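Asker: Below is the structure I would like to discuss, written out as C-alpha cells.
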Amino acid sequence: QQPVQSPQAVILREGEDAVINCSSSKALYSVHWYRQKHGEAPVFLMILLKGGEQKGHDKISASFNEKKQQSSLYLTASQLSYSGTYFCGTPVNFGNEKLTFGTGTRLTIIP
Amino acid sequence: DTGVSQDPRHKITKRGQNVTFRCDPISEHNRLYWYRQTLGQGPEFLTYFQNEAQLEKSRLLSDRFSAERPKGSFSTLEIQRTEQGDSAMYLCASSFLQEGEKLFFGSGTQLSVL
C-alpha cells in the first residue's frame, strides 16, 4: 500500500523552513527519501532505518518514528536548489528490495 | 561513474505498435530496476534483476511487458501491442548490493502512445 505524503504542495520563500511527512498504514522497516526536479531523474537523499534515528544531509534532515509508522523530512533555511518533488519510499516488507513510493510533495522555493 | 543511461529519452508510437527501451546501469551495480511514473505520481515498481536473474515482477506488468538483462549488464524493456494507458515515464534504476537499497535513477524514457 502506498505511503501517504503531506502536504501535497508547499511554496516557501528562500530561507524558510519546511516539513514533509510520510505515513504508512503498514509497519515500516525503513524509509527512503528522494528528490526529483522537473524533467530529471529522482535523486537519493537518505535512508532512515528502524530505531528512530535522525539523519542529515546538508540542511536537510529526517526522522523516523517506527511506532507512529511515519517519517518526516526537515528542510532548514531552504535554498532555491531545494525546489522539486520529494518522494518517500518504503520497502514492501522486511528485506524486500522493492520500494513503494508516495505520491510526492511538490516544493517551490521563491526568492 | 557515468550514471545510469536510458535510451531513447522520448518515444512516440501508435497504439498497437511494439516498443523497446534500453537501460545501461552503473557498471559495477548488480541490481537493476524498472519503474513507471505517470504525471503527479510517484514511481511504481515494475520489475527488478539481480545480475541476469529477474527476481520479481509486479502484477502491474501484463503479458505485453517483458524485460531482459542478458549477461547481467544492460537491460531492455519491451512493450508489445502498446495501449494509450501505457503512456508514462519509464525509469530505470540500479544499485550495488553492498550499499543497500540506495537507487541511482536514469533520466527515463517518456512514452506517448497515440
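In the C-alpha cells, each chain is lettered A, B, ... as it comes, each chain's residues begin at 1, and ligands are numbered from 1 in order of appearance.
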Hey, list the chain B side of the contact with chain A: 9 Å cut-off, only C-alpha atoms, answer as a CSV table (one decimal) with all heavy atoms, in the first residue's frame.
Answerer:
```csv
chain,number,residue,atom,x,y,z
B,33,TYR,N,16.5,-2.1,-11.7
B,33,TYR,CA,15.1,-1.9,-11.5
B,33,TYR,C,14.4,-1.2,-12.7
B,33,TYR,O,15.0,-0.3,-13.2
B,33,TYR,CB,14.8,-1.2,-10.2
B,33,TYR,CG,15.4,-1.7,-9.0
B,33,TYR,CD1,16.8,-1.5,-8.7
B,33,TYR,CD2,14.7,-2.4,-8.0
B,33,TYR,CE1,17.3,-2.0,-7.6
B,33,TYR,CE2,15.2,-2.8,-6.9
B,33,TYR,CZ,16.6,-2.6,-6.6
B,33,TYR,OH,17.1,-3.1,-5.5
B,40,GLY,N,2.4,13.4,-11.8
B,40,GLY,CA,1.8,13.7,-10.5
B,40,GLY,C,1.9,12.5,-9.5
B,40,GLY,O,1.4,12.6,-8.4
B,41,GLN,N,2.5,11.5,-10.0
B,41,GLN,CA,2.5,10.3,-9.1
B,41,GLN,C,4.0,9.9,-8.8
B,41,GLN,O,4.9,10.3,-9.5
B,41,GLN,CB,1.9,9.1,-9.8
B,41,GLN,CG,0.4,9.3,-10.1
B,41,GLN,CD,-0.4,9.4,-8.8
B,41,GLN,OE1,-0.3,8.6,-7.9
B,41,GLN,NE2,-1.3,10.4,-8.8
B,42,GLY,N,4.2,9.1,-7.8
B,42,GLY,CA,5.5,8.5,-7.5
B,42,GLY,C,5.8,7.4,-8.4
B,42,GLY,O,4.9,6.8,-9.0
B,43,PRO,N,7.0,7.0,-8.5
B,43,PRO,CA,7.4,5.8,-9.4
B,43,PRO,C,6.7,4.6,-8.9
B,43,PRO,O,6.6,4.3,-7.7
B,43,PRO,CB,8.9,5.8,-9.2
B,43,PRO,CG,9.3,7.1,-8.8
B,43,PRO,CD,8.2,7.6,-8.0
B,44,GLU,N,6.2,3.7,-9.8
B,44,GLU,CA,5.6,2.4,-9.5
B,44,GLU,C,6.6,1.3,-9.9
B,44,GLU,O,7.0,1.3,-11.1
B,44,GLU,CB,4.3,2.2,-10.2
B,44,GLU,CG,3.2,3.1,-9.8
B,44,GLU,CD,1.9,2.8,-10.6
B,44,GLU,OE1,2.0,3.0,-11.9
B,44,GLU,OE2,0.9,2.3,-10.1
B,45,PHE,N,6.8,0.4,-9.0
B,45,PHE,CA,7.7,-0.7,-9.3
B,45,PHE,C,7.2,-1.6,-10.4
B,45,PHE,O,6.0,-2.0,-10.4
B,45,PHE,CB,8.0,-1.5,-8.0
B,45,PHE,CG,8.7,-2.8,-8.3
B,45,PHE,CD1,10.1,-2.8,-8.3
B,45,PHE,CD2,8.0,-4.0,-8.4
B,45,PHE,CE1,10.7,-4.0,-8.5
B,45,PHE,CE2,8.7,-5.2,-8.6
B,45,PHE,CZ,10.0,-5.2,-8.6
B,47,THR,N,9.7,-4.2,-12.2
B,47,THR,CA,10.4,-5.5,-12.1
B,47,THR,C,11.8,-5.2,-11.7
B,47,THR,O,12.3,-4.0,-11.7
B,47,THR,CB,10.4,-6.2,-13.5
B,47,THR,OG1,11.0,-7.5,-13.3
B,47,THR,CG2,11.2,-5.4,-14.5
B,48,TYR,N,12.6,-6.2,-11.2
B,48,TYR,CA,14.0,-6.0,-10.9
B,48,TYR,C,14.8,-7.2,-11.1
B,48,TYR,O,14.3,-8.4,-11.1
B,48,TYR,CB,14.2,-5.4,-9.5
B,48,TYR,CG,14.5,-6.3,-8.4
B,48,TYR,CD1,15.8,-6.6,-8.0
B,48,TYR,CD2,13.4,-6.9,-7.7
B,48,TYR,CE1,16.1,-7.4,-6.9
B,48,TYR,CE2,13.7,-7.7,-6.6
B,48,TYR,CZ,15.0,-7.9,-6.2
B,48,TYR,OH,15.3,-8.7,-5.1
B,56,GLU,N,11.8,-10.4,-9.4
B,56,GLU,CA,10.4,-10.1,-9.1
B,56,GLU,C,9.8,-9.3,-10.2
B,56,GLU,O,10.4,-8.5,-10.9
B,56,GLU,CB,10.3,-9.3,-7.8
B,56,GLU,CG,8.9,-9.2,-7.2
B,56,GLU,CD,8.9,-8.7,-5.8
B,56,GLU,OE1,10.0,-8.8,-5.1
B,56,GLU,OE2,7.8,-8.3,-5.4
B,91,LEU,N,11.3,4.6,-15.9
B,91,LEU,CA,12.5,4.9,-15.2
B,91,LEU,C,13.3,3.6,-14.9
B,91,LEU,O,12.7,2.6,-14.5
B,91,LEU,CB,12.3,5.6,-13.9
B,91,LEU,CG,11.7,7.0,-13.9
B,91,LEU,CD1,11.2,7.4,-12.6
B,91,LEU,CD2,12.8,8.0,-14.4
B,100,GLY,N,23.2,-1.3,0.1
B,100,GLY,CA,21.8,-1.3,0.5
B,100,GLY,C,20.9,-0.9,-0.6
B,100,GLY,O,21.3,-1.2,-1.8
B,101,GLU,N,19.8,-0.3,-0.3
B,101,GLU,CA,18.8,0.0,-1.4
B,101,GLU,C,18.9,1.4,-2.0
B,101,GLU,O,18.0,1.9,-2.5
B,101,GLU,CB,17.4,-0.2,-0.8
B,101,GLU,CG,17.2,-1.6,-0.2
B,101,GLU,CD,17.5,-1.7,1.3
B,101,GLU,OE1,18.0,-0.7,1.8
B,101,GLU,OE2,17.1,-2.7,1.9
B,102,LYS,N,20.1,2.0,-1.9
B,102,LYS,CA,20.3,3.3,-2.5
B,102,LYS,C,20.2,3.2,-4.0
B,102,LYS,O,21.0,2.5,-4.6
B,102,LYS,CB,21.6,3.9,-2.1
B,102,LYS,CG,21.9,5.2,-2.7
B,102,LYS,CD,23.3,5.7,-2.2
B,102,LYS,CE,23.7,7.0,-2.9
B,102,LYS,NZ,25.0,7.5,-2.4
B,103,LEU,N,19.2,3.8,-4.6
B,103,LEU,CA,18.9,3.6,-6.0
B,103,LEU,C,19.5,4.8,-6.8
B,103,LEU,O,19.3,6.0,-6.4
B,103,LEU,CB,17.4,3.6,-6.3
B,103,LEU,CG,16.6,2.4,-5.7
B,103,LEU,CD1,15.2,2.5,-6.0
B,103,LEU,CD2,17.2,1.1,-6.2
B,104,PHE,N,20.1,4.5,-7.9
B,104,PHE,CA,20.5,5.6,-8.8
B,104,PHE,C,19.6,5.5,-10.0
B,104,PHE,O,19.6,4.5,-10.7
B,104,PHE,CB,22.0,5.4,-9.2
B,104,PHE,CG,23.0,5.5,-8.1
B,104,PHE,CD1,23.2,4.5,-7.2
B,104,PHE,CD2,23.7,6.7,-8.0
B,104,PHE,CE1,24.1,4.7,-6.1
B,104,PHE,CE2,24.6,6.9,-6.9
B,104,PHE,CZ,24.8,5.9,-6.0
B,105,PHE,N,18.9,6.5,-10.3
B,105,PHE,CA,17.9,6.5,-11.4
B,105,PHE,C,18.5,7.1,-12.6
B,105,PHE,O,19.3,8.1,-12.6
B,105,PHE,CB,16.7,7.3,-11.0
B,105,PHE,CG,15.7,6.6,-10.1
B,105,PHE,CD1,15.8,6.8,-8.8
B,105,PHE,CD2,14.7,5.9,-10.7
B,105,PHE,CE1,14.9,6.1,-7.9
B,105,PHE,CE2,13.8,5.2,-9.8
B,105,PHE,CZ,13.9,5.4,-8.5
B,106,GLY,N,18.0,6.6,-13.8
B,106,GLY,CA,18.3,7.2,-15.0
B,106,GLY,C,17.3,8.3,-15.3
B,106,GLY,O,16.3,8.5,-14.5
B,107,SER,N,17.4,9.1,-16.4
B,107,SER,CA,16.5,10.2,-16.7
B,107,SER,C,15.2,9.7,-17.3
B,107,SER,O,14.3,10.5,-17.4
B,107,SER,CB,17.2,11.2,-17.6
B,107,SER,OG,18.3,11.7,-17.0
B,108,GLY,N,15.1,8.5,-17.6
B,108,GLY,CA,13.8,7.9,-18.1
B,108,GLY,C,13.6,8.0,-19.5
B,108,GLY,O,14.3,8.7,-20.3
```
Asker: Need the shell around stretch 6-13 of chain B: protein/DNA/RNA residues with any atom at most 10 Å away, counting only C-alpha atoms. Skip same-chain ones fewer than 6 positions apart. Format as a PyMOL selection string?
Answerer: chain B and resi 19-25+74-76+82-84+87+89-93+105-114
Asker: Let me make sure I understand: among B:Phe96, B:Ala88, B:Glu28, B:Arg81, which one has the smallest atom-to-atom distance to B:Gly16 if we use only C-alpha atoms?
Answerer: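 Of B:Phe96, B:Ala88, B:Glu28, B:Arg81, the one nearest B:Gly16, counting only C-alpha atoms, is B:Arg81.
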Asker: In Å, rounded to a single decimal, give me how far atom CA of B:Ser58 is from atom CA of A:Lys67.
Answerer: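 Separating atom CA of A:Lys67 from atom CA of B:Ser58 is a distance of 28.7 Å.
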Asker: Taking the chain letters and numbering used in this document, name the residues of stretch 43-87 of chain B that DSSP puts in helix (DSSP H, G or I), as a PyMOL selection string.
Answerer: chain B and resi 70-72+84-86
Asker: Residues as selected, N, CA, C and O atoms, written as a short mmCIF file (atom, residue, chain, number, x, y, z; two decimals), in the first residue's frame, can you do that?
Answerer:
```cif
data_model
loop_
_atom_site.label_atom_id
_atom_site.label_comp_id
_atom_site.auth_asym_id
_atom_site.auth_seq_id
_atom_site.Cartn_x
_atom_site.Cartn_y
_atom_site.Cartn_z
N PRO B 70 20.43 -9.57 -20.28
CA PRO B 70 21.39 -10.60 -20.68
C PRO B 70 22.77 -10.30 -20.12
O PRO B 70 23.21 -9.15 -20.12
N LYS B 71 23.41 -11.33 -19.60
CA LYS B 71 24.77 -11.23 -19.06
C LYS B 71 24.87 -10.24 -17.90
O LYS B 71 25.97 -9.79 -17.55
N GLY B 72 23.77 -9.87 -17.32
CA GLY B 72 23.80 -9.00 -16.15
C GLY B 72 24.33 -7.61 -16.40
O GLY B 72 24.79 -6.94 -15.46
N GLN B 84 -2.97 3.12 -25.04
CA GLN B 84 -2.82 4.50 -24.58
C GLN B 84 -2.49 4.56 -23.09
O GLN B 84 -1.78 5.45 -22.64
N GLY B 85 -2.99 3.61 -22.35
CA GLY B 85 -2.70 3.57 -20.92
C GLY B 85 -1.25 3.27 -20.58
O GLY B 85 -0.85 3.40 -19.43
N ASP B 86 -0.47 2.88 -21.58
CA ASP B 86 0.96 2.63 -21.35
C ASP B 86 1.76 3.92 -21.35
O ASP B 86 2.94 3.92 -21.00
#
```
Asker: I need the residues in chain B that are strand (DSSP E or B) according to DSSP; give them as an NGL selection string.
Answerer: :B and (5-7 or 10-13 or 19-24 or 31-37 or 44-50 or 53-57 or 65-68 or 75-79 or 88-95 or 104-105 or 109-113)
Asker: Which residues come within 6 Å of A:Leu107, counting only C-alpha atoms, excluding same-chain residues fewer than 3 positions away, as a list in words?
Answerer: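 Returned residues: Ala9, Val10, Ile11, Ser83, Gly84 and Thr85 of chain A.
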Asker: Let me see the file: selected residues, C-alpha atoms, as a PDB file, in the first residue's frame.
Answerer:
```
ATOM      1  CA  ALA A   9       2.478  21.012  -2.278  1.00  0.00           C
ATOM      2  CA  VAL A  10       4.130  23.881  -0.463  1.00  0.00           C
ATOM      3  CA  ILE A  11       5.525  27.238  -1.515  1.00  0.00           C
ATOM      4  CA  SER A  83      12.794  23.093  -5.268  1.00  0.00           C
ATOM      5  CA  GLY A  84      11.435  19.853  -6.650  1.00  0.00           C
ATOM      6  CA  THR A  85       9.147  16.997  -5.764  1.00  0.00           C
TER       7      THR A  85
END
```
Asker: Need the shell around A:Tyr82: protein/DNA/RNA residues with any atom at most 9 Å away, counting only C-alpha atoms. Skip same-chain ones fewer than 6 positions apart. Format as a list in words?
Answerer: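 Near A:Tyr82, the qualifying residues are Arg35, Lys37, Leu75, Leu107, Thr108 and Ile109 of chain A.
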Asker: What would the file look like if the residues just selected were written as a PDB file, in the first residue's frame with N, CA and C atoms?
Answerer:
```pdb
ATOM      1  N   ARG A  35      14.526  13.190  -4.131  1.00  0.00           N
ATOM      2  CA  ARG A  35      14.056  14.464  -4.677  1.00  0.00           C
ATOM      3  C   ARG A  35      14.127  14.377  -6.197  1.00  0.00           C
ATOM      4  N   LYS A  37      13.674  16.794  -9.609  1.00  0.00           N
ATOM      5  CA  LYS A  37      13.425  18.089 -10.237  1.00  0.00           C
ATOM      6  C   LYS A  37      12.717  17.842 -11.561  1.00  0.00           C
ATOM      7  N   LEU A  75      13.511  20.540   6.070  1.00  0.00           N
ATOM      8  CA  LEU A  75      14.361  21.381   5.229  1.00  0.00           C
ATOM      9  C   LEU A  75      14.527  22.713   5.944  1.00  0.00           C
ATOM     10  N   LEU A 107       7.661  20.970  -3.761  1.00  0.00           N
ATOM     11  CA  LEU A 107       8.191  22.117  -3.009  1.00  0.00           C
ATOM     12  C   LEU A 107       8.684  23.174  -3.987  1.00  0.00           C
ATOM     13  N   THR A 108       8.168  24.382  -3.818  1.00  0.00           N
ATOM     14  CA  THR A 108       8.605  25.502  -4.657  1.00  0.00           C
ATOM     15  C   THR A 108       9.218  26.552  -3.747  1.00  0.00           C
ATOM     16  N   ILE A 109      10.447  26.914  -4.032  1.00  0.00           N
ATOM     17  CA  ILE A 109      11.130  27.968  -3.266  1.00  0.00           C
ATOM     18  C   ILE A 109      11.197  29.205  -4.140  1.00  0.00           C
TER      19      ILE A 109
END
```
Asker: Quick one, how far is atom CA of A:Asn21 from atom CA of A:Val4?
Answerer: 8.1 Å
Asker: What's the 8 Å shell around A:Ser71, counting only C-alpha atoms, without same-chain residues fewer than 2 positions away, as a VMD selection string?
Answerer: chain A and resid 21 to 23 31 62 to 65 69 73
Asker: Those residues with C-alpha atoms, as a short mmCIF file (atom, residue, chain, number, x, y, z; two decimals), in the first residue's frame please?
Answerer:
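Now in result.cif:
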```
data_model
loop_
_atom_site.label_atom_id
_atom_site.label_comp_id
_atom_site.auth_asym_id
_atom_site.auth_seq_id
_atom_site.Cartn_x
_atom_site.Cartn_y
_atom_site.Cartn_z
CA ASN A 21 5.55 13.98 6.28
CA CYS A 22 5.29 10.39 5.10
CA SER A 23 2.87 7.97 6.77
CA VAL A 31 12.09 4.96 4.80
CA ALA A 62 14.85 13.41 8.58
CA SER A 63 13.42 11.40 11.42
CA PHE A 64 11.75 8.02 11.57
CA ASN A 65 9.09 7.19 14.14
CA GLN A 69 4.78 4.45 11.22
CA LEU A 73 11.79 15.35 6.26
#
```
Asker: Which one of B:Leu39, B:Ala53, B:Val4, B:Leu46 sits closest to B:Ser66 if you count only C-alpha atoms?
Answerer: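 Residue with the minimum atom-to-atom distance to B:Ser66: B:Leu46.
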Asker: So, counting only C-alpha atoms, which residue among A:Lys59, A:Ser81, A:Ser6, A:Gln1 is closest to A:Ala27?
Answerer: A:Gln1
